[in-house]
Structures are given as structure tokens and as C-alpha cells.
$ cat input-v7.cif   # mmCIF, C-alpha atoms and all ligand atoms
data_coords
#
loop_
_atom_site.label_atom_id
_atom_site.label_comp_id
_atom_site.auth_asym_id
_atom_site.auth_seq_id
_atom_site.Cartn_x
_atom_site.Cartn_y
_atom_site.Cartn_z
CA GLU A 1 -0.26 31.97 7.51
CA LYS A 2 -3.48 30.35 6.39
CA ASP A 3 -3.91 26.61 6.88
CA LEU A 4 -3.94 24.30 3.84
CA ILE A 5 -7.02 22.09 4.01
CA VAL A 6 -7.17 19.16 1.55
CA LEU A 7 -9.86 16.52 1.04
CA GLY A 8 -8.47 13.16 -0.14
CA ILE A 9 -10.51 10.52 -1.98
CA GLU A 10 -9.37 6.93 -2.62
CA THR A 11 -11.32 4.19 -4.43
CA SER A 12 -8.67 2.23 -6.36
CA CYS A 13 -9.51 -1.21 -4.98
CA ASP A 14 -11.87 -2.41 -2.26
CA GLU A 15 -11.86 0.46 0.25
CA THR A 16 -14.02 3.56 -0.21
CA ALA A 17 -12.09 6.24 1.63
CA ALA A 18 -12.16 9.99 2.29
CA SER A 19 -10.04 12.11 4.62
CA VAL A 20 -9.37 15.74 5.48
CA ILE A 21 -5.76 16.78 6.15
CA LYS A 22 -4.44 20.08 7.52
CA ASN A 23 -1.07 21.45 6.33
CA GLY A 24 -0.10 18.15 4.72
CA THR A 25 0.52 16.32 7.98
CA ILE A 26 -2.36 16.68 10.43
CA ILE A 27 -5.25 14.22 10.08
CA LEU A 28 -8.61 15.90 10.81
CA SER A 29 -10.59 12.83 9.70
CA ASN A 30 -9.84 9.49 8.06
CA VAL A 31 -12.90 7.48 7.01
CA VAL A 32 -12.55 4.03 5.40
CA ALA A 33 -15.50 1.84 4.33
CA SER A 34 -14.08 -1.61 3.69
CA GLN A 35 -15.74 -4.04 1.26
CA ILE A 36 -13.68 -7.03 2.42
CA GLU A 37 -16.75 -8.87 3.76
CA SER A 38 -18.47 -8.70 0.33
CA HIS A 39 -15.45 -10.02 -1.59
CA LYS A 40 -14.44 -12.70 0.92
CA ARG A 41 -16.73 -15.41 -0.39
CA PHE A 42 -15.20 -15.01 -3.87
CA GLY A 43 -11.65 -15.35 -2.48
CA GLY A 44 -10.55 -12.00 -3.92
CA VAL A 45 -11.75 -8.61 -5.14
CA VAL A 46 -14.52 -8.79 -7.80
CA PRO A 47 -14.05 -5.60 -9.87
CA GLU A 48 -17.71 -5.15 -10.86
CA LEU A 49 -18.83 -5.59 -7.26
CA ALA A 50 -16.17 -3.14 -6.06
CA SER A 51 -17.44 -0.39 -8.41
CA ARG A 52 -21.02 -0.85 -7.30
CA HIS A 53 -20.05 -0.67 -3.63
CA HIS A 54 -18.01 2.49 -4.24
CA VAL A 55 -21.04 4.16 -5.90
CA GLU A 56 -23.17 3.33 -2.86
CA GLN A 57 -20.59 4.46 -0.32
CA ILE A 58 -18.71 7.38 -1.84
CA THR A 59 -21.04 10.27 -0.95
CA ILE A 60 -21.68 8.96 2.55
CA VAL A 61 -17.95 8.51 3.21
CA ILE A 62 -17.06 12.00 1.91
CA GLU A 63 -19.82 13.63 3.96
CA GLU A 64 -18.66 11.74 7.04
CA ALA A 65 -15.03 12.82 6.51
CA LEU A 66 -16.02 16.51 6.21
CA LYS A 67 -18.35 16.31 9.20
CA GLU A 68 -15.78 14.58 11.43
CA ALA A 69 -13.18 17.17 10.45
CA GLY A 70 -15.63 20.03 11.07
CA ILE A 71 -14.80 21.39 7.61
CA THR A 72 -17.24 22.79 5.05
CA LEU A 73 -16.74 22.52 1.28
CA ALA A 74 -16.08 26.27 1.20
CA GLU A 75 -13.06 25.79 3.47
CA LEU A 76 -11.32 23.27 1.17
CA ASP A 77 -8.20 24.47 -0.65
CA ALA A 78 -7.96 21.39 -2.86
CA ILE A 79 -9.36 17.95 -3.56
CA ALA A 80 -6.82 15.14 -4.04
CA VAL A 81 -7.96 11.94 -5.72
CA THR A 82 -6.34 8.65 -6.75
CA GLU A 83 -6.00 8.64 -10.55
CA GLY A 84 -4.43 5.15 -10.71
CA PRO A 85 -3.18 2.48 -10.76
CA GLY A 86 -6.03 0.23 -9.71
CA LEU A 87 -9.30 -1.22 -10.97
CA VAL A 88 -10.63 1.15 -13.63
CA GLY A 89 -14.31 0.92 -12.63
CA ALA A 90 -13.37 1.50 -8.99
CA LEU A 91 -11.07 4.44 -9.74
CA LEU A 92 -13.74 6.11 -11.92
CA VAL A 93 -16.10 6.44 -8.95
CA GLY A 94 -13.58 8.41 -6.89
CA VAL A 95 -12.37 10.47 -9.85
CA ASN A 96 -15.91 11.45 -10.80
CA ALA A 97 -16.91 12.29 -7.25
CA ALA A 98 -13.82 14.50 -6.93
CA LYS A 99 -14.51 16.20 -10.25
CA ALA A 100 -18.16 16.85 -9.37
CA ILE A 101 -17.30 18.46 -6.03
CA ALA A 102 -14.43 20.43 -7.56
CA PHE A 103 -16.63 21.71 -10.41
CA ALA A 104 -19.68 22.56 -8.30
CA ASN A 105 -17.64 24.42 -5.66
CA ASN A 106 -14.81 25.77 -7.79
CA ILE A 107 -12.11 23.92 -5.82
CA PRO A 108 -8.74 22.99 -7.38
CA LEU A 109 -8.34 19.31 -8.24
CA VAL A 110 -5.05 17.37 -7.81
CA SER A 111 -4.62 13.82 -9.11
CA VAL A 112 -2.43 11.45 -7.08
CA HIS A 113 -0.64 8.20 -7.92
CA HIS A 114 -1.77 5.47 -5.50
CA ILE A 115 1.83 4.48 -4.64
CA ALA A 116 2.81 8.11 -4.05
CA GLY A 117 -0.06 8.05 -1.55
CA HIS A 118 1.31 4.94 0.20
CA ILE A 119 4.73 6.60 0.46
CA TYR A 120 3.28 9.87 1.82
CA ALA A 121 1.43 7.95 4.57
CA ASN A 122 4.83 8.20 6.26
CA ARG A 123 4.71 12.01 6.29
CA LEU A 124 1.68 11.81 8.58
CA ILE A 125 4.10 10.31 11.15
CA LYS A 126 7.44 11.94 10.43
CA GLU A 127 8.73 14.81 8.26
CA MET A 128 10.62 13.47 5.22
CA THR A 129 14.37 14.02 4.96
CA PHE A 130 15.95 13.55 1.55
CA PRO A 131 17.40 11.60 -0.09
CA LEU A 132 15.22 8.72 1.02
CA LEU A 133 14.10 5.27 -0.05
CA SER A 134 10.69 3.73 0.33
CA LEU A 135 10.04 0.00 0.29
CA VAL A 136 6.52 -0.22 -1.16
CA VAL A 137 4.84 -3.57 -0.57
CA SER A 138 1.14 -3.91 -1.35
CA GLY A 139 -1.32 -6.26 -3.02
CA GLY A 140 -0.49 -4.87 -6.45
CA HIS A 141 3.04 -3.46 -6.05
CA THR A 142 6.45 -4.34 -4.73
CA GLU A 143 9.08 -1.74 -5.43
CA ILE A 144 11.94 0.26 -3.98
CA VAL A 145 11.41 3.96 -4.73
CA TYR A 146 14.19 6.57 -4.44
CA MET A 147 13.27 10.22 -3.73
CA GLU A 148 15.60 13.21 -3.83
CA GLU A 149 12.84 15.75 -3.25
CA HIS A 150 9.08 16.01 -2.72
CA GLY A 151 6.98 14.61 -5.55
CA GLU A 152 9.95 13.10 -7.46
CA PHE A 153 9.90 9.31 -7.59
CA LYS A 154 12.49 6.98 -9.14
CA VAL A 155 11.77 3.25 -9.10
CA ILE A 156 15.12 1.47 -8.61
CA GLY A 157 13.66 -2.03 -8.28
CA GLU A 158 10.32 -3.74 -8.76
CA THR A 159 8.73 -7.16 -8.93
CA ARG A 160 9.06 -9.04 -12.20
CA ASP A 161 5.98 -11.17 -11.50
CA ASP A 162 3.79 -11.30 -8.37
CA ALA A 163 3.59 -8.48 -5.83
CA ALA A 164 4.44 -9.48 -2.25
CA GLY A 165 0.82 -9.11 -1.11
CA GLU A 166 -0.38 -11.10 -4.10
CA ALA A 167 1.98 -13.96 -3.13
CA TYR A 168 0.66 -13.79 0.45
CA ASP A 169 -2.93 -13.93 -0.76
CA LYS A 170 -2.28 -16.84 -3.17
CA VAL A 171 -0.38 -18.89 -0.59
CA ALA A 172 -3.16 -18.20 1.91
CA ARG A 173 -5.68 -19.48 -0.58
CA THR A 174 -3.84 -22.81 -1.01
CA LEU A 175 -3.88 -23.10 2.79
CA ASN A 176 -7.67 -22.46 2.72
CA LEU A 177 -7.34 -19.21 4.65
CA PRO A 178 -9.84 -16.37 4.04
CA TYR A 179 -9.16 -13.32 1.85
CA PRO A 180 -7.12 -11.18 2.31
CA GLY A 181 -4.63 -13.81 3.38
CA GLY A 182 -1.69 -11.64 4.45
CA PRO A 183 -2.73 -11.11 8.08
CA HIS A 184 -3.61 -14.83 8.47
CA ILE A 185 -0.22 -16.01 7.16
CA ASP A 186 1.43 -13.42 9.40
CA ARG A 187 -0.41 -14.82 12.44
CA LEU A 188 0.33 -18.48 11.55
CA ALA A 189 3.98 -17.67 10.85
CA HIS A 190 4.39 -16.44 14.41
CA GLU A 191 3.07 -19.74 15.75
CA GLY A 192 5.32 -21.84 13.51
CA THR A 193 9.03 -22.45 12.88
CA PRO A 194 10.67 -21.90 9.46
CA THR A 195 11.81 -25.52 9.06
CA ILE A 196 10.87 -25.98 5.37
CA ASP A 197 13.51 -25.09 2.80
CA LEU A 198 12.03 -22.60 0.30
CA PRO A 199 13.78 -20.62 -2.45
CA ARG A 200 14.84 -16.97 -2.26
CA ALA A 201 14.88 -15.12 -5.58
CA TRP A 202 17.96 -12.87 -5.34
CA LEU A 203 18.11 -12.36 -9.16
CA GLU A 204 21.25 -10.66 -10.56
CA GLU A 205 23.78 -9.62 -7.96
CA ASP A 206 23.27 -5.87 -8.46
CA SER A 207 19.50 -5.99 -9.04
CA TYR A 208 16.92 -4.43 -6.74
CA ASP A 209 14.14 -6.28 -8.56
CA PHE A 210 12.01 -8.92 -6.89
CA SER A 211 10.31 -12.16 -7.92
CA PHE A 212 7.81 -14.03 -5.78
CA SER A 213 6.07 -16.41 -8.20
CA GLY A 214 8.76 -19.11 -7.82
CA LEU A 215 8.38 -19.00 -4.06
CA LYS A 216 4.61 -19.18 -4.35
CA SER A 217 4.89 -22.24 -6.67
CA ALA A 218 7.39 -23.87 -4.29
CA VAL A 219 4.86 -23.58 -1.45
CA ILE A 220 2.11 -25.09 -3.62
CA ASN A 221 4.44 -27.92 -4.77
CA THR A 222 5.49 -28.66 -1.20
CA LEU A 223 1.83 -29.12 -0.25
CA HIS A 224 1.09 -31.27 -3.34
CA ASN A 225 4.11 -33.53 -2.89
CA ALA A 226 3.32 -34.04 0.77
CA ALA A 227 -0.31 -34.89 -0.03
CA GLN A 228 0.82 -37.45 -2.66
CA LYS A 229 3.16 -39.12 -0.21
CA GLY A 230 0.53 -39.03 2.49
CA ILE A 231 2.69 -36.83 4.73
CA SER A 232 1.02 -34.00 6.60
CA ILE A 233 2.67 -30.59 6.61
CA ASP A 234 2.23 -28.19 9.49
CA SER A 235 0.66 -25.10 7.93
CA LYS A 236 2.22 -22.96 10.69
CA ASP A 237 5.71 -24.10 9.75
CA LEU A 238 4.96 -23.63 6.06
CA ALA A 239 3.64 -20.10 6.72
CA ALA A 240 6.72 -19.33 8.82
CA SER A 241 9.05 -20.64 6.08
CA PHE A 242 7.24 -18.64 3.37
CA GLN A 243 7.26 -15.45 5.45
CA ASP A 244 10.96 -15.96 6.25
CA SER A 245 11.82 -16.13 2.56
CA VAL A 246 9.76 -13.02 1.64
CA ILE A 247 11.17 -10.94 4.51
CA ASP A 248 14.77 -12.08 3.95
CA VAL A 249 14.74 -10.82 0.34
CA LEU A 250 12.81 -7.60 1.07
CA VAL A 251 15.01 -6.59 4.00
CA THR A 252 18.34 -7.58 2.42
CA LYS A 253 17.66 -5.62 -0.78
CA THR A 254 16.31 -2.58 1.09
CA VAL A 255 19.36 -2.42 3.35
CA ARG A 256 21.75 -2.78 0.38
CA ALA A 257 19.91 -0.03 -1.55
CA ALA A 258 19.85 2.28 1.48
CA LYS A 259 23.63 1.98 1.81
CA GLU A 260 24.35 2.34 -1.91
CA TYR A 261 22.11 5.41 -2.30
CA ASN A 262 23.38 6.88 0.96
CA VAL A 263 19.88 7.82 2.13
CA LYS A 264 18.87 9.61 5.32
CA GLN A 265 15.54 7.81 5.70
CA VAL A 266 13.86 4.54 4.78
CA LEU A 267 10.06 4.54 4.70
CA LEU A 268 7.94 1.39 4.76
CA SER A 269 4.71 1.65 2.72
CA GLY A 270 1.74 -0.39 1.48
CA GLY A 271 -0.59 -3.04 2.89
CA VAL A 272 2.14 -5.63 3.51
CA ALA A 273 3.86 -3.02 5.72
CA ALA A 274 1.29 -4.16 8.29
CA ASN A 275 3.22 -7.46 8.49
CA LYS A 276 4.59 -7.91 12.00
CA GLY A 277 7.53 -10.03 10.89
CA LEU A 278 8.59 -7.50 8.25
CA ARG A 279 8.32 -4.55 10.66
CA LYS A 280 10.44 -6.36 13.24
CA ALA A 281 13.08 -7.54 10.74
CA LEU A 282 13.47 -4.01 9.31
CA GLU A 283 13.73 -2.51 12.79
CA GLU A 284 16.47 -4.98 13.70
CA ALA A 285 18.37 -4.43 10.44
CA PHE A 286 18.32 -0.62 10.71
CA LYS A 287 19.37 -0.70 14.37
CA GLN A 288 22.79 -1.59 12.95
CA LEU A 289 22.65 1.53 10.73
CA PRO A 290 21.97 4.42 13.16
CA SER A 291 22.65 7.10 10.52
CA ILE A 292 19.54 5.99 8.59
CA GLU A 293 16.15 6.71 10.13
CA LEU A 294 13.53 3.99 9.63
CA VAL A 295 9.90 5.16 9.52
CA ILE A 296 7.02 2.67 9.77
CA PRO A 297 3.42 3.96 9.77
CA PRO A 298 0.75 2.56 12.11
CA LEU A 299 -1.32 -0.29 10.66
CA ASN A 300 -4.33 1.84 9.63
CA LEU A 301 -2.11 4.07 7.49
CA CYS A 302 -0.37 1.08 5.81
CA THR A 303 -3.49 -0.37 4.17
CA ASP A 304 -5.49 1.69 1.67
CA ASN A 305 -6.83 4.98 3.06
CA ALA A 306 -7.47 8.52 1.85
CA ALA A 307 -5.31 10.35 4.42
CA MET A 308 -2.26 9.20 2.46
CA ILE A 309 -3.80 10.51 -0.79
CA ALA A 310 -4.56 13.88 0.85
CA ALA A 311 -0.99 13.96 2.26
CA ALA A 312 0.58 13.38 -1.17
CA GLY A 313 -1.96 15.73 -2.78
CA SER A 314 -1.09 18.53 -0.32
CA VAL A 315 2.58 18.41 -1.33
CA LEU A 316 1.77 18.26 -5.06
CA PHE A 317 -0.68 21.16 -4.66
CA GLU A 318 1.99 23.25 -2.94
CA LYS A 319 4.38 22.40 -5.78
CA GLY A 320 1.77 23.92 -8.13
CA LYS A 321 0.15 20.80 -9.55
CA ARG A 322 -3.45 21.25 -10.77
CA SER A 323 -5.53 18.66 -12.65
CA SER A 324 -8.18 19.63 -15.16
CA LEU A 325 -11.82 18.57 -15.05
CA ALA A 326 -10.97 16.31 -18.01
CA LEU A 327 -9.11 14.05 -15.52
CA ASN A 328 -9.74 10.37 -16.24
CA ALA A 329 -9.00 7.22 -14.27
CA ASN A 330 -5.74 5.61 -15.40
CA PRO A 331 -5.52 1.96 -14.29
CA GLY A 332 -1.94 1.54 -15.53
CA LEU A 333 -0.54 4.92 -14.40
CA ASP A 334 3.28 5.09 -13.98
CA ILE A 335 4.67 6.80 -10.91
O1 LIG B 401 -2.01 -1.51 0.05
P1 LIG B 401 -3.15 -2.45 0.16
O2 LIG B 401 -4.17 -2.21 1.23
O3 LIG B 401 -3.92 -2.54 -1.19
C1 LIG B 401 -3.23 -2.43 -2.41
O4 LIG B 401 -2.95 -1.30 -2.85
O5 LIG B 401 -2.89 -3.52 -2.94
O6 LIG B 401 -2.51 -3.92 0.35
C2 LIG B 401 -3.30 -5.06 0.47
C3 LIG B 401 -2.38 -6.27 0.63
C4 LIG B 401 -3.09 -7.61 0.58
O7 LIG B 401 -2.42 -8.46 -0.33
C5 LIG B 401 -2.98 -8.14 2.01
O8 LIG B 401 -2.95 -9.55 2.10
C6 LIG B 401 -1.67 -7.54 2.44
O9 LIG B 401 -1.70 -6.22 1.90
N1 LIG B 401 -1.53 -7.50 3.90
C7 LIG B 401 -0.59 -8.22 4.57
C8 LIG B 401 -0.80 -7.98 5.95
N2 LIG B 401 -1.86 -7.11 6.06
C9 LIG B 401 -2.28 -6.82 4.80
N3 LIG B 401 0.38 -9.02 4.11
C10 LIG B 401 1.18 -9.61 5.03
N4 LIG B 401 1.04 -9.44 6.36
C11 LIG B 401 0.08 -8.64 6.87
N5 LIG B 401 -0.06 -8.49 8.20
ZN ZN B 402 -2.72 0.26 -1.84
#
$ encode --input "input-v7.cif" --output "C-alpha cells"
Amino acid sequence: EKDLIVLGIETSCDETAASVIKNGTIILSNVVASQIESHKRFGGVVPELASRHHVEQITIVIEEALKEAGITLAELDAIAVTEGPGLVGALLVGVNAAKAIAFANNIPLVSVHHIAGHIYANRLIKEMTFPLLSLVVSGGHTEIVYMEEHGEFKVIGETRDDAAGEAYDKVARTLNLPYPGGPHIDRLAHEGTPTIDLPRAWLEEDSYDFSFSGLKSAVINTLHNAAQKGISIDSKDLAASFQDSVIDVLVTKTVRAAKEYNVKQVLLSGGVAANKGLRKALEEAFKQLPSIELVIPPLNLCTDNAAMIAAAGSVLFEKGKRSSLALNANPGLDI
């Protein structure tokens, strides 16, 4: 049988990325141009700046991905591109690049939801077995997604305020750590001890929803109160206490959902999946549940990349999905 070769394009936030995937699971190339250095001095992603960087980088990154893969445009079976959610001006650059290449070379176009991409990063490691759950934790999303088959996503719980990554970045900012703060908090947390009492938002007993804004405020208040009283707080212990609270809620709810939905697999997805504490806590929790397989992608497939978009796009393409050349960016797209 002929191989399925898919080019993936991702520009929803601050990484310009392109990748070529064979048969949905084999990475032939995975190119990511990060803009983090440009946004750092502003303490977060500046949307206008992100769009401009994507315009500069997109063609170079796509050419590089094709060259590294040793694939010509004529050999592509489909182009998969992130339609949303994300920053609209950033998404438009990827969507338009994908449309231009698809139109000029008569290649089918497949739009992909960014979170579907994060979930399918796992398929580059391990074949999916259904039913499964994915804990999706990124800078913009925190949700538990249930899947009974390929391409079908049911959100059973989501954040009611801040995403986990957003809380990490905001707490990092109050501790004067550089953007993105997640990896810095993660590092500090491992040097500290969780001695500071911080809240855990369990919400209603049967809810799989999350809330992190109260925790974030508690961290900020702890720092303020200490400063007023002239007491110094060890930022390592504060980071460790914050990380403990986030991980406790994420892991507890994921384990409960995995049991209730009787799943065969649990997949960890999104930028916060790079968190060492979270990876370890999930591994320990699922060691007690040997009938459920835990899959955790390597760090470079957790943060934004285009291999995950090509992986999701390959499955959607095989299911018959085709997007028209009227495809637009959709910053608030539902999964
Ligand atoms: O998935 P992603 O690359 O972009 C979005 O789609 O949002 O996730 C980025 C987020 C940022 O908030 C970043 O601080 C967080 O992932 N992150 C981490 C770690 N590495 C990245 N959070 C906690 N611990 C980490 N090691
Ligand atoms: Zn992402």
C-alpha cells in the first residue's frame, strides 16, 4: 500500500512550526522556530509581534521541513493546518500558507483543532486504544477529553477560569521569573519543600472541572502579606507548594475520571505535560492501576509543534475530512 505523507503547519501562538509525517505516526521532520526570545522582555506573547514573526518564518520553516524529510510538494497527500483556537493574526499566517500551497499544487487541505493536535502527539509514541482519556494542560487550555474513537472528542471537564499553564506563568511573573514561567517554577519546586498551605479547588464532588485563579491569588496574597510583615518567603518553597496543589488536583481528577469511564489509556498532552512533577505524579498514580496504560510524550512533542498537527490531520484525512479553500482562522474554535 502507498504511504500517506502529510505536511503539518502550526502557528497558533508563538512557535512557527512545520512537519512531515508518514502514515500518521512516523516523523520525517519536525521544525519549530520559537519566538520566545522576542516576547520575553514583554513578559508574555504580544499578538501583533507574533503575527509578524510568523510571516517572516513560515516559508523558511515549511521549506526546511520538506527538505529535511526529503519530500517534494508533489509527494504530499494532504496539508494539515491549525484552524484554532489561538491568536487570530497568528493562526491566519499558517492557514493562508496552507491554502496557498494546497491551491497551487492541488493538494487536499485538512483543518485541525489545536487541542486535537496536542492529544495526537501521543500517537507519535504509542498507538491509541479506545476508550481513552487525555489530560490536556497547556497555556490556554486545561481539560479532560474522552475519546471513544479516532477524531471524536468529548470534553468531560475544563477550567472555569485560568488554564494550568496560565497560572504557572502568572505565578512565575510575581516571583520575577522570565516568560514562559512554567519550566522555572518546575525547577524551583524541585529545590524546595511544599511547606506553605495553599488551597486546592476540588469544586463539586462529581465535577471534572478545574479552577486555578484562587490558587494563583493565594500565592500572590502570601507574598504580599509576608512583605507587609517584613517576613521573607523562600520562593523555592512557595513554588513547591504551588506545584503540589496544581498536581494534586490534576492527578486526582484524572485518576477518578479514568476509573469512572473505564478507559484503556490515559494520554498526557499540552505544554504543561513537560512538567517533571506532573509526569512523575501521574506515573506513580497509574502504577497502582496496571489495567490502564499511561502515555506521556517526550518534551519536544508536549509543547507546540507541527508533528502533532500532521498526526491529527492524517487521521482526519483518512476519515474523509477535507477543508475548502474558504477555510478561515477560528480563534474560538470548539473541539
Ligand atoms: O501547549 P503550549 O506550548 O502552548 C499552548 O498551546 O498554550 O503550552 C505552553 C505552556 C506555558 O504556559 C508554559 O509555561 C507551560 O506550557 N510549560 C510548563 C512547563 N513547560 C512549559 N508548565 C509547567 N512546567 C513545565 N515544565
Ligand atoms: Zn498548545
$ residues_around --input "input-v7.cif" --residues "range 155-169 of chain A" --least-positions-apart "5" --cutoff "8 Å" --atoms "only C-alpha atoms" --output "short mmCIF file (atom, residue, chain, number, x, y, z; two decimals) with C-alpha atoms, keeping the file's coordinate frame"
data_model
loop_
_atom_site.label_atom_id
_atom_site.label_comp_id
_atom_site.auth_asym_id
_atom_site.auth_seq_id
_atom_site.Cartn_x
_atom_site.Cartn_y
_atom_site.Cartn_z
CA VAL A 137 4.84 -3.57 -0.57
CA SER A 138 1.14 -3.91 -1.35
CA GLY A 139 -1.32 -6.26 -3.02
CA GLY A 140 -0.49 -4.87 -6.45
CA HIS A 141 3.04 -3.46 -6.05
CA THR A 142 6.45 -4.34 -4.73
CA GLU A 143 9.08 -1.74 -5.43
CA ILE A 144 11.94 0.26 -3.98
CA VAL A 145 11.41 3.96 -4.73
CA TYR A 146 14.19 6.57 -4.44
CA TYR A 179 -9.16 -13.32 1.85
CA PRO A 180 -7.12 -11.18 2.31
CA GLY A 181 -4.63 -13.81 3.38
CA GLY A 182 -1.69 -11.64 4.45
CA ILE A 185 -0.22 -16.01 7.16
CA SER A 207 19.50 -5.99 -9.04
CA TYR A 208 16.92 -4.43 -6.74
CA ASP A 209 14.14 -6.28 -8.56
CA PHE A 210 12.01 -8.92 -6.89
CA SER A 211 10.31 -12.16 -7.92
CA PHE A 212 7.81 -14.03 -5.78
CA SER A 213 6.07 -16.41 -8.20
CA LYS A 216 4.61 -19.18 -4.35
CA VAL A 246 9.76 -13.02 1.64
CA GLY A 271 -0.59 -3.04 2.89
CA VAL A 272 2.14 -5.63 3.51
#
$ residues_near_ligand --input "input-v7.cif" --ligand "ligand ZN 402 (chain B)" --cutoff "12 Å" --atoms "only C-alpha atoms and all ligand atoms" --output "JSON, numbers by chain"
{"A": [10, 11, 12, 13, 14, 15, 16, 17, 82, 84, 85, 86, 87, 113, 114, 115, 116, 117, 118, 119, 120, 121, 136, 137, 138, 139, 140, 141, 142, 163, 165, 166, 269, 270, 271, 272, 273, 274, 300, 301, 302, 303, 304, 305, 306, 308, 309]}
$ closest_residue --input "input-v7.cif" --among "A:Leu203, A:Val20, A:Val61, A:Ala240" --to "Ser34 in chain A" --atoms "all atoms listed in the file"
A:Val61
$ residues_around --input "input-v7.cif" --residues "Leu124 in chain A" --least-positions-apart "2" --cutoff "7 Å" --atoms "all atoms listed in the file" --output "VMD selection string"
chain A and resid 25 to 26 121 to 122 126
$ atom_distance --input "input-v7.cif" --atom1 "CA of Leu188 in chain A" --atom2 "atom O7 of ligand LIG 401 (chain B)"
15.8 Å
$ closest_residue --input "input-v7.cif" --among "A:Ala312, A:Leu132, A:Leu92, A:Gln228" --to "Pro331 in chain A" --atoms "all atoms listed in the file"
A:Leu92
$ atom_distance --input "input-v7.cif" --atom1 "CA of His150 in chain A" --atom2 "CA of Thr254 in chain A"
20.3 Å
$ closest_residue --input "input-v7.cif" --among "A:Leu135, A:Ala172, A:Val263, A:Ala102" --to "ligand LIG 401 (chain B)" --atoms "only C-alpha atoms and all ligand atoms"
A:Ala172
$ closest_residue --input "input-v7.cif" --among "A:Ala227, A:Ile71, A:Leu238, A:Val171" --to "ligand LIG 401 (chain B)" --atoms "only C-alpha atoms and all ligand atoms"
A:Val171
$ closest_residue --input "input-v7.cif" --among "A:Arg173, A:Lys67, A:Arg322, A:Lys154" --to "ligand LIG 401 (chain B)" --atoms "all atoms listed in the file"
A:Arg173
$ closest_residue --input "input-v7.cif" --among "A:Arg52, A:Arg123, A:Lys40, A:Lys319" --to "ligand LIG 401 (chain B)" --atoms "only C-alpha atoms and all ligand atoms"
A:Lys40
$ axis_aligned_box --input "input-v7.cif" --around "range 304-310 of chain A" --padding-each-side "6 Å" --output "AutoDock Vina command-line options"
--center_x -4.9 --center_y 7.8 --center_z 1.8 --size_x 17.2 --size_y 24.2 --size_z 17.2
$ residues_around --input "input-v7.cif" --residues "Val219 in chain A" --least-positions-apart "5" --cutoff "10 Å" --atoms "all atoms listed in the file" --output "list of chain:residue names"
A:Lys170, A:Val171, A:Thr174, A:Leu175, A:Ile196, A:Asp197, A:Leu198, A:Pro199, A:Ser213, A:Gly214, A:His224, A:Leu238, A:Ala239, A:Ser241, A:Phe242
$ decode --input "input-v7.cif" --residues "range 259-300 of chain A" --atoms "C-alpha atoms" --output "PDB file, in the first residue's frame"
ATOM      1  CA  LYS A 259     -11.804   4.743  36.622  1.00  0.00           C
ATOM      2  CA  GLU A 260     -15.329   6.066  36.062  1.00  0.00           C
ATOM      3  CA  TYR A 261     -15.038   5.971  32.257  1.00  0.00           C
ATOM      4  CA  ASN A 262     -13.290   2.605  32.374  1.00  0.00           C
ATOM      5  CA  VAL A 263     -10.638   3.666  29.858  1.00  0.00           C
ATOM      6  CA  LYS A 264      -7.799   1.604  28.417  1.00  0.00           C
ATOM      7  CA  GLN A 265      -5.385   4.522  28.055  1.00  0.00           C
ATOM      8  CA  VAL A 266      -4.644   7.912  29.587  1.00  0.00           C
ATOM      9  CA  LEU A 267      -2.695  10.361  27.427  1.00  0.00           C
ATOM     10  CA  LEU A 268      -0.934  13.444  28.785  1.00  0.00           C
ATOM     11  CA  SER A 269      -0.961  16.426  26.390  1.00  0.00           C
ATOM     12  CA  GLY A 270      -0.027  20.111  26.143  1.00  0.00           C
ATOM     13  CA  GLY A 271       2.867  22.324  27.210  1.00  0.00           C
ATOM     14  CA  VAL A 272       2.408  21.720  30.948  1.00  0.00           C
ATOM     15  CA  ALA A 273       2.843  17.989  30.214  1.00  0.00           C
ATOM     16  CA  ALA A 274       6.543  18.890  30.150  1.00  0.00           C
ATOM     17  CA  ASN A 275       6.296  19.411  33.931  1.00  0.00           C
ATOM     18  CA  LYS A 276       8.559  16.923  35.696  1.00  0.00           C
ATOM     19  CA  GLY A 277       6.481  16.849  38.868  1.00  0.00           C
ATOM     20  CA  LEU A 278       3.260  16.160  36.950  1.00  0.00           C
ATOM     21  CA  ARG A 279       4.843  13.393  34.855  1.00  0.00           C
ATOM     22  CA  LYS A 280       6.192  11.691  37.975  1.00  0.00           C
ATOM     23  CA  ALA A 281       2.943  12.013  39.952  1.00  0.00           C
ATOM     24  CA  LEU A 282       0.899  10.545  37.079  1.00  0.00           C
ATOM     25  CA  GLU A 283       3.366   7.686  36.636  1.00  0.00           C
ATOM     26  CA  GLU A 284       3.122   6.858  40.337  1.00  0.00           C
ATOM     27  CA  ALA A 285      -0.685   7.076  40.379  1.00  0.00           C
ATOM     28  CA  PHE A 286      -1.145   4.828  37.328  1.00  0.00           C
ATOM     29  CA  LYS A 287       1.339   2.260  38.639  1.00  0.00           C
ATOM     30  CA  GLN A 288      -1.487   1.348  41.026  1.00  0.00           C
ATOM     31  CA  LEU A 289      -3.827   0.860  38.033  1.00  0.00           C
ATOM     32  CA  PRO A 290      -1.997  -1.614  35.760  1.00  0.00           C
ATOM     33  CA  SER A 291      -5.042  -2.148  33.505  1.00  0.00           C
ATOM     34  CA  ILE A 292      -4.783   1.472  32.306  1.00  0.00           C
ATOM     35  CA  GLU A 293      -1.844   2.393  30.088  1.00  0.00           C
ATOM     36  CA  LEU A 294      -0.359   5.846  30.711  1.00  0.00           C
ATOM     37  CA  VAL A 295       1.261   7.551  27.706  1.00  0.00           C
ATOM     38  CA  ILE A 296       3.460  10.632  28.132  1.00  0.00           C
ATOM     39  CA  PRO A 297       5.121  12.189  25.066  1.00  0.00           C
ATOM     40  CA  PRO A 298       8.738  13.421  25.113  1.00  0.00           C
ATOM     41  CA  LEU A 299       9.164  17.108  25.979  1.00  0.00           C
ATOM     42  CA  ASN A 300       9.515  18.369  22.385  1.00  0.00           C
TER      43      ASN A 300
END
